[in-house]
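Just below is one structure, and these are the notes that go with it.
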Amino acid sequence: MAALQIVNVEKRYKSLQALGGVSLSIEPGEFFGLLGPNGAGKTTLISIIAGLNRADSGTVSIHGHDVVKDYREARKRLGVVPQELVFDPFFTVRETLRMQSGYFGLKKNDDWIDEVMANLDLTNKADTNTRALSGGMKRRVLVAQALVHRPPVIVLDEPTAGVDVELRQTLWKFISRLNREGHTIVLTTHYLEEAQALCNRIAMLKAGKVVALDSTSALLKRISGSQLIVHLARGSLPDALKPLVSHPDELIAGGKYTLRVNDYTEVEPILAALREAGAVIDDMHLQQADLEDVFIQIMEGEK
């Protein structure tokens, strides 16, 4: 049984087709990435999964429980960290987590609350009113609220947006531990290096449709070989090399170019072509293609 089953989900807001028939099956214990540009439909899909919005058609189930027909059981199995900072300004951190526990009928949950706070470095803020917390600390509380009932499926919507490096490291250490213990993680993020490092499988959305769905390793193989990053102090890229440019906008900006190469033997002919064109190299280095390169290639290829 899938941890999260999404079947042909559609959602329209007047003339805007937010979701156009999205289907995904996420298995128990997966660390799954849901990526896409702004407006791709990621947050709409998460709202439908969480029961905050209803699809026009299609179904969503969590461990076999339909989010509409069997919403009580579905929500018990789901924890969502929203993108927006939402908090009650009248309670302390511990009071907030105790109330969240109460929503799920958990009366004696202090041991797990203490563990969650310790893992998110919130212990010394346990008796602090939430309105007195910094933005980063408020985001930690949101994460703690999503985890307080130990849900088997955890959805993280841009959890590290605008937060410091310390929180990122603390969060990913704890979330990775939960994933190793069997929790299913669904992550949306604009930090593609996070998705590449953490996610086993990734779906990419554009304009409300899935345009790519594969393992992270398979997606990375879509761009073969390496990339030669060249900074020119003087001159421009000769026409013979322009087909190798990975990012077309670089041809307009000029000065820095990312060139696709399959192996090291292709580097010298590129340098020879630059010398012949009278270009002067300020700096260059060779790097492997990453998820950002794959993302840009797929998004530019889907019109």
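A note on labels: chains of the structure tokens are A, B, ... as shown, every chain counts residues from 1, and ligands are counted from 1 in their shown order.
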*Pull the helix (DSSP H, G or I) assignments for range 21-170 of chain A out of DSSP run on the backbone, and list those residues as a PyMOL selection string.*
chain A and resi 42-49+71-76+93-103+110-119+123-125+130-132+135-147+165-170
Create the file for the chosen residues now, containing C-alpha atoms and written as a PDB file, in the first residue's frame.
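See selection.pdb below for the written result:
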ATOM      1  CA  LYS A  42       3.054  22.435  -5.529  1.00  0.00           C
ATOM      2  CA  THR A  43       1.359  24.310  -2.677  1.00  0.00           C
ATOM      3  CA  THR A  44      -2.094  23.689  -4.172  1.00  0.00           C
ATOM      4  CA  LEU A  45      -1.350  19.970  -4.241  1.00  0.00           C
ATOM      5  CA  ILE A  46      -0.124  20.031  -0.631  1.00  0.00           C
ATOM      6  CA  SER A  47      -3.270  21.905   0.440  1.00  0.00           C
ATOM      7  CA  ILE A  48      -5.380  19.164  -1.136  1.00  0.00           C
ATOM      8  CA  ILE A  49      -3.312  16.445   0.542  1.00  0.00           C
ATOM      9  CA  TYR A  71     -10.356  12.511   6.610  1.00  0.00           C
ATOM     10  CA  ARG A  72      -9.951  11.753  10.332  1.00  0.00           C
ATOM     11  CA  GLU A  73      -7.766   8.700   9.748  1.00  0.00           C
ATOM     12  CA  ALA A  74      -5.938  10.394   6.869  1.00  0.00           C
ATOM     13  CA  ARG A  75      -4.990  13.430   8.965  1.00  0.00           C
ATOM     14  CA  LYS A  76      -3.766  11.283  11.841  1.00  0.00           C
ATOM     15  CA  VAL A  93       6.251  26.745  22.781  1.00  0.00           C
ATOM     16  CA  ARG A  94       5.458  23.871  25.143  1.00  0.00           C
ATOM     17  CA  GLU A  95       1.799  24.927  25.482  1.00  0.00           C
ATOM     18  CA  THR A  96       1.530  25.104  21.701  1.00  0.00           C
ATOM     19  CA  LEU A  97       2.881  21.575  21.299  1.00  0.00           C
ATOM     20  CA  ARG A  98       0.651  20.220  24.068  1.00  0.00           C
ATOM     21  CA  MET A  99      -2.415  21.703  22.385  1.00  0.00           C
ATOM     22  CA  GLN A 100      -1.326  20.245  19.053  1.00  0.00           C
ATOM     23  CA  SER A 101      -1.024  16.859  20.761  1.00  0.00           C
ATOM     24  CA  GLY A 102      -4.540  17.296  22.117  1.00  0.00           C
ATOM     25  CA  TYR A 103      -5.939  17.714  18.598  1.00  0.00           C
ATOM     26  CA  ASP A 110       5.498  15.228  27.097  1.00  0.00           C
ATOM     27  CA  ASP A 111       8.353  12.767  26.591  1.00  0.00           C
ATOM     28  CA  TRP A 112       8.038  12.972  22.806  1.00  0.00           C
ATOM     29  CA  ILE A 113       7.508  16.749  22.968  1.00  0.00           C
ATOM     30  CA  ASP A 114      10.759  17.044  24.922  1.00  0.00           C
ATOM     31  CA  GLU A 115      12.566  14.872  22.366  1.00  0.00           C
ATOM     32  CA  VAL A 116      11.255  16.883  19.431  1.00  0.00           C
ATOM     33  CA  MET A 117      12.222  20.174  21.081  1.00  0.00           C
ATOM     34  CA  ALA A 118      15.692  18.829  21.893  1.00  0.00           C
ATOM     35  CA  ASN A 119      16.256  17.695  18.303  1.00  0.00           C
ATOM     36  CA  THR A 123      14.474  23.252  24.678  1.00  0.00           C
ATOM     37  CA  ASN A 124      15.729  26.589  25.984  1.00  0.00           C
ATOM     38  CA  LYS A 125      12.688  28.284  24.368  1.00  0.00           C
ATOM     39  CA  THR A 130       5.790  32.241  20.535  1.00  0.00           C
ATOM     40  CA  ARG A 131       5.313  35.910  19.618  1.00  0.00           C
ATOM     41  CA  ALA A 132       8.724  36.643  21.162  1.00  0.00           C
ATOM     42  CA  GLY A 135      11.435  33.914  12.430  1.00  0.00           C
ATOM     43  CA  GLY A 136      13.811  30.968  12.428  1.00  0.00           C
ATOM     44  CA  MET A 137      12.606  29.793  15.839  1.00  0.00           C
ATOM     45  CA  LYS A 138       8.968  30.120  14.775  1.00  0.00           C
ATOM     46  CA  ARG A 139       9.732  27.871  11.815  1.00  0.00           C
ATOM     47  CA  ARG A 140      11.237  25.304  14.192  1.00  0.00           C
ATOM     48  CA  VAL A 141       7.980  25.379  16.171  1.00  0.00           C
ATOM     49  CA  LEU A 142       6.033  24.723  12.958  1.00  0.00           C
ATOM     50  CA  VAL A 143       8.197  21.677  12.321  1.00  0.00           C
ATOM     51  CA  ALA A 144       7.683  20.491  15.905  1.00  0.00           C
ATOM     52  CA  GLN A 145       3.889  20.886  15.548  1.00  0.00           C
ATOM     53  CA  ALA A 146       3.908  18.739  12.410  1.00  0.00           C
ATOM     54  CA  LEU A 147       5.869  15.992  14.181  1.00  0.00           C
ATOM     55  CA  VAL A 165      22.542  27.360   8.069  1.00  0.00           C
ATOM     56  CA  GLU A 166      22.313  26.123  11.673  1.00  0.00           C
ATOM     57  CA  LEU A 167      18.569  25.478  11.395  1.00  0.00           C
ATOM     58  CA  ARG A 168      18.998  23.720   8.065  1.00  0.00           C
ATOM     59  CA  GLN A 169      21.585  21.376   9.509  1.00  0.00           C
ATOM     60  CA  THR A 170      19.531  20.745  12.667  1.00  0.00           C
TER      61      THR A 170
END
_Neighbouring residues of Glu194 in chain A were defined as those with any atom within 12 Å, considering only C-alpha atoms; residues of the same chain fewer than 6 positions away were excluded. Please report them as a ChimeraX atom specification._
/A:31-35,158-161,168-169,171-172,176,187-188,200,202,216,290-292
Kindly save the residues from that selection, with N, CA and C atoms included, as a CSV table (one decimal), in the first residue's frame.
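Final output, again_30.csv:
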chain,number,residue,atom,x,y,z
A,31,PHE,N,12.0,9.2,0.6
A,31,PHE,CA,12.3,10.6,0.8
A,31,PHE,C,12.1,11.2,-0.6
A,32,PHE,N,10.9,11.8,-0.8
A,32,PHE,CA,10.5,12.2,-2.1
A,32,PHE,C,10.5,13.7,-2.3
A,33,GLY,N,11.0,14.2,-3.5
A,33,GLY,CA,11.1,15.6,-3.8
A,33,GLY,C,10.0,16.0,-4.7
A,34,LEU,N,9.4,17.1,-4.4
A,34,LEU,CA,8.3,17.7,-5.3
A,34,LEU,C,8.8,19.1,-5.7
A,35,LEU,N,9.3,19.2,-6.9
A,35,LEU,CA,10.0,20.4,-7.4
A,35,LEU,C,9.2,21.1,-8.5
A,158,GLU,N,8.8,24.0,1.6
A,158,GLU,CA,9.8,25.0,1.7
A,158,GLU,C,10.2,25.2,3.2
A,159,PRO,N,10.7,24.2,3.9
A,159,PRO,CA,10.9,24.3,5.3
A,159,PRO,C,12.1,25.2,5.7
A,160,THR,N,13.1,25.3,4.7
A,160,THR,CA,14.3,26.1,5.1
A,160,THR,C,14.3,27.4,4.4
A,161,ALA,N,13.2,27.9,3.8
A,161,ALA,CA,13.1,29.2,3.2
A,161,ALA,C,13.5,30.3,4.1
A,168,ARG,N,19.0,24.7,9.2
A,168,ARG,CA,19.0,23.7,8.1
A,168,ARG,C,19.7,22.4,8.5
A,169,GLN,N,20.9,22.6,9.1
A,169,GLN,CA,21.6,21.4,9.5
A,169,GLN,C,20.8,20.6,10.6
A,171,LEU,N,17.6,20.7,11.2
A,171,LEU,CA,16.4,20.1,10.7
A,171,LEU,C,16.6,18.9,9.9
A,172,TRP,N,17.6,18.9,9.0
A,172,TRP,CA,17.9,17.8,8.1
A,172,TRP,C,18.4,16.6,8.9
A,176,SER,N,16.2,13.3,8.6
A,176,SER,CA,16.9,12.2,8.0
A,176,SER,C,16.8,11.0,9.0
A,187,LEU,N,9.2,16.5,0.2
A,187,LEU,CA,9.8,17.8,0.4
A,187,LEU,C,9.6,18.7,-0.9
A,188,THR,N,9.2,19.9,-0.7
A,188,THR,CA,9.3,20.9,-1.7
A,188,THR,C,10.3,21.9,-1.3
A,200,ASN,N,15.4,10.4,-2.7
A,200,ASN,CA,15.6,9.2,-3.5
A,200,ASN,C,15.0,9.3,-4.8
A,202,ILE,N,12.2,12.0,-7.4
A,202,ILE,CA,11.8,13.4,-7.5
A,202,ILE,C,10.8,13.5,-8.7
A,216,THR,N,16.5,10.2,-8.4
A,216,THR,CA,17.4,11.3,-8.5
A,216,THR,C,18.6,10.9,-9.4
A,290,ASP,N,24.6,19.0,-12.1
A,290,ASP,CA,23.8,18.8,-10.9
A,290,ASP,C,22.4,18.9,-11.2
A,291,LEU,N,21.6,18.8,-10.1
A,291,LEU,CA,20.1,18.8,-10.3
A,291,LEU,C,19.6,20.1,-10.8
A,292,GLU,N,20.3,21.2,-10.5
A,292,GLU,CA,19.8,22.5,-11.0
A,292,GLU,C,19.9,22.5,-12.6
*From the list A:Phe90, A:Ser226, A:Ala289, A:Glu27, which residue is nearest Thr128 in chain A when using only C-alpha atoms?*
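Nearest candidate to Thr128 in chain A out of A:Phe90, A:Ser226, A:Ala289, A:Glu27: A:Phe90.
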Near Leu274 in chain A, within 9 Å and counting only C-alpha atoms, which residues show up once chain neighbours fewer than 5 positions away are dropped, as an mmCIF file with C-alpha atoms, in the first residue's frame?
data_model
loop_
_atom_site.group_PDB
_atom_site.id
_atom_site.type_symbol
_atom_site.label_atom_id
_atom_site.label_comp_id
_atom_site.auth_asym_id
_atom_site.auth_seq_id
_atom_site.Cartn_x
_atom_site.Cartn_y
_atom_site.Cartn_z
ATOM 1 C CA GLY A 235 36.445 38.588 -26.329
ATOM 2 C CA SER A 236 33.344 36.503 -26.919
ATOM 3 C CA LEU A 237 32.388 32.913 -27.500
ATOM 4 C CA PRO A 238 32.981 31.787 -31.109
ATOM 5 C CA LEU A 241 31.075 26.679 -29.427
ATOM 6 C CA PRO A 269 39.679 21.769 -28.637
ATOM 7 C CA ALA A 279 39.275 35.414 -26.436
ATOM 8 C CA VAL A 280 41.208 35.766 -23.158
ATOM 9 C CA ILE A 281 40.266 33.404 -20.314
#
*Considering only C-alpha atoms, return as a VMD selection string whatever protein or nucleic-acid residues lie within 12 Å of range 221-223 of chain A, sequence-local ones (same chain, fewer than 5 positions apart) excluded.*
chain A and resid 212 214 to 216 246 259 to 262 288 to 298
*With a distance cut-off of 9 Å and only C-alpha atoms, select the neighbouring residues of Gly64 in chain A, excluding the residue or stretch itself and same-chain residues fewer than 4 positions from it, and output the selection as a list in words.*
Met1, Ala2, Ala3, Leu4, Gln5, Val60 and Ala74 of chain A
*Tell me which of A:Gly254, A:Gly278, A:Gly21, A:Gly51 sits closest to Lys242 in chain A, counting only C-alpha atoms.*
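Closest to Lys242 in chain A, using only C-alpha atoms: A:Gly254.
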Could you give me, as a compact mmCIF listing (two decimals) with N, CA and C atoms, in the first residue's frame, the residues within 8 Å of Lys256 in chain A, counting only C-alpha atoms and dropping anything in the same chain fewer than 2 positions from it?
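This went into out_38.txt:
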# COMPACT_ATOMS: atom_id res chain seq x y z
N ILE A 229 33.05 25.48 -17.04
CA ILE A 229 32.66 26.86 -16.73
C ILE A 229 33.81 27.78 -17.14
N VAL A 230 33.53 28.68 -18.06
CA VAL A 230 34.57 29.56 -18.60
C VAL A 230 34.19 31.02 -18.37
N HIS A 231 35.11 31.78 -17.75
CA HIS A 231 34.95 33.23 -17.58
C HIS A 231 35.93 33.91 -18.54
N LEU A 232 35.41 34.75 -19.40
CA LEU A 232 36.27 35.44 -20.36
C LEU A 232 36.55 36.87 -19.90
N GLU A 250 23.09 32.86 -21.09
CA GLU A 250 24.50 33.26 -21.00
C GLU A 250 24.99 33.87 -22.30
N ALA A 253 23.99 37.55 -21.90
CA ALA A 253 24.75 38.28 -20.88
C ALA A 253 26.23 38.38 -21.24
N GLY A 254 26.80 37.27 -21.73
CA GLY A 254 28.21 37.26 -22.10
C GLY A 254 29.14 37.23 -20.89
N THR A 258 28.69 28.24 -19.64
CA THR A 258 28.68 26.87 -19.14
C THR A 258 28.57 25.95 -20.35
_Point-to-point distance from CA of Val186 in chain A to CA of Ile154 in chain A, Å rounded to tenths_ =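 CA of Ile154 in chain A lies at a distance of 6.2 Å from CA of Val186 in chain A.
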*Could you work out how far CA of Leu52 in chain A lies from CA of Lys11 in chain A, giving the answer in Å with one decimal?*
13.0 Å
Neighbours of Pro152 in chain A within 9 Å (only C-alpha atoms; same-chain residues fewer than 2 positions away dropped), as a PDB file with N, CA and C atoms, in the first residue's frame?
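Ended up saving to selection.pdb:
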ATOM      1  N   ALA A   3       2.207   4.993   0.656  1.00  0.00           N
ATOM      2  CA  ALA A   3       2.088   5.945   1.754  1.00  0.00           C
ATOM      3  C   ALA A   3       1.217   7.122   1.330  1.00  0.00           C
ATOM      4  N   PRO A  28       6.005   3.855   1.193  1.00  0.00           N
ATOM      5  CA  PRO A  28       6.421   4.044   2.590  1.00  0.00           C
ATOM      6  C   PRO A  28       7.942   4.086   2.719  1.00  0.00           C
ATOM      7  N   GLY A  29       8.427   5.046   3.488  1.00  0.00           N
ATOM      8  CA  GLY A  29       9.859   5.159   3.730  1.00  0.00           C
ATOM      9  C   GLY A  29      10.634   5.932   2.679  1.00  0.00           C
ATOM     10  N   HIS A  63      -1.909   6.217   3.218  1.00  0.00           N
ATOM     11  CA  HIS A  63      -1.953   4.846   3.736  1.00  0.00           C
ATOM     12  C   HIS A  63      -3.339   4.231   3.556  1.00  0.00           C
ATOM     13  N   LYS A  76      -4.579  11.851  10.767  1.00  0.00           N
ATOM     14  CA  LYS A  76      -3.766  11.283  11.841  1.00  0.00           C
ATOM     15  C   LYS A  76      -2.407  10.817  11.325  1.00  0.00           C
ATOM     16  N   ARG A  77      -2.383  10.455  10.056  1.00  0.00           N
ATOM     17  CA  ARG A  77      -1.182   9.872   9.458  1.00  0.00           C
ATOM     18  C   ARG A  77      -0.331  10.900   8.725  1.00  0.00           C
ATOM     19  N   LEU A  78      -0.693  12.164   8.844  1.00  0.00           N
ATOM     20  CA  LEU A  78      -0.020  13.218   8.089  1.00  0.00           C
ATOM     21  C   LEU A  78       0.441  14.358   8.987  1.00  0.00           C
ATOM     22  N   GLY A  79       1.666  14.824   8.746  1.00  0.00           N
ATOM     23  CA  GLY A  79       2.171  16.027   9.379  1.00  0.00           C
ATOM     24  C   GLY A  79       2.652  16.976   8.295  1.00  0.00           C
ATOM     25  N   ARG A 150       3.748  12.075  15.748  1.00  0.00           N
ATOM     26  CA  ARG A 150       4.540  11.028  15.085  1.00  0.00           C
ATOM     27  C   ARG A 150       3.860  10.501  13.821  1.00  0.00           C
ATOM     28  N   ILE A 154       5.258  12.807   6.372  1.00  0.00           N
ATOM     29  CA  ILE A 154       5.600  14.184   6.732  1.00  0.00           C
ATOM     30  C   ILE A 154       5.813  14.980   5.447  1.00  0.00           C
ATOM     31  N   GLY A 182      11.662   4.966   9.149  1.00  0.00           N
ATOM     32  CA  GLY A 182      10.523   4.504   8.383  1.00  0.00           C
ATOM     33  C   GLY A 182       9.506   5.549   7.980  1.00  0.00           C
ATOM     34  N   HIS A 183       9.673   6.792   8.421  1.00  0.00           N
ATOM     35  CA  HIS A 183       8.732   7.846   8.042  1.00  0.00           C
ATOM     36  C   HIS A 183       8.916   8.215   6.566  1.00  0.00           C
ATOM     37  N   THR A 184       7.812   8.476   5.906  1.00  0.00           N
ATOM     38  CA  THR A 184       7.842   8.939   4.519  1.00  0.00           C
ATOM     39  C   THR A 184       7.936  10.460   4.516  1.00  0.00           C
ATOM     40  N   ILE A 185       8.887  10.992   3.756  1.00  0.00           N
ATOM     41  CA  ILE A 185       9.101  12.439   3.701  1.00  0.00           C
ATOM     42  C   ILE A 185       8.809  12.940   2.287  1.00  0.00           C
TER      43      ILE A 185
END
*Shortest interatomic distance to Tyr191 in chain A - which of A:Val86, A:Gly162, A:Leu271, A:Leu24, counting only C-alpha atoms*: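 Under the stated criterion, the closest residue is A:Gly162.
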*Which one is closest to Lys14 in chain A: A:Ser217, A:Gln287, A:Asp56, A:Val210? Count only C-alpha atoms.*
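Using only C-alpha atoms, Lys14 in chain A sits closest to A:Asp56.
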*Mind the document's chain letters and residue numbers, and return as a VMD selection string the residues of range 6-247 of chain A that DSSP labels strand (DSSP E).*
chain A and resid 6 to 13 16 to 26 31 to 35 57 to 62 65 to 66 78 to 81 153 to 157 184 to 188 201 to 206 209 to 215 226 to 234
_Given only C-alpha atoms as the basis, pick out the residue of A:Leu122, A:Ala40, A:Val153, A:Leu16 nearest to Ser61 in chain A._
A:Val153
*Nearest-residue call for Pro37 in chain A, choices A:Ala207, A:Leu156, A:Ala273, A:Ala218, using only C-alpha atoms*: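 For Pro37 in chain A, the nearest of the given residues is A:Ala207.
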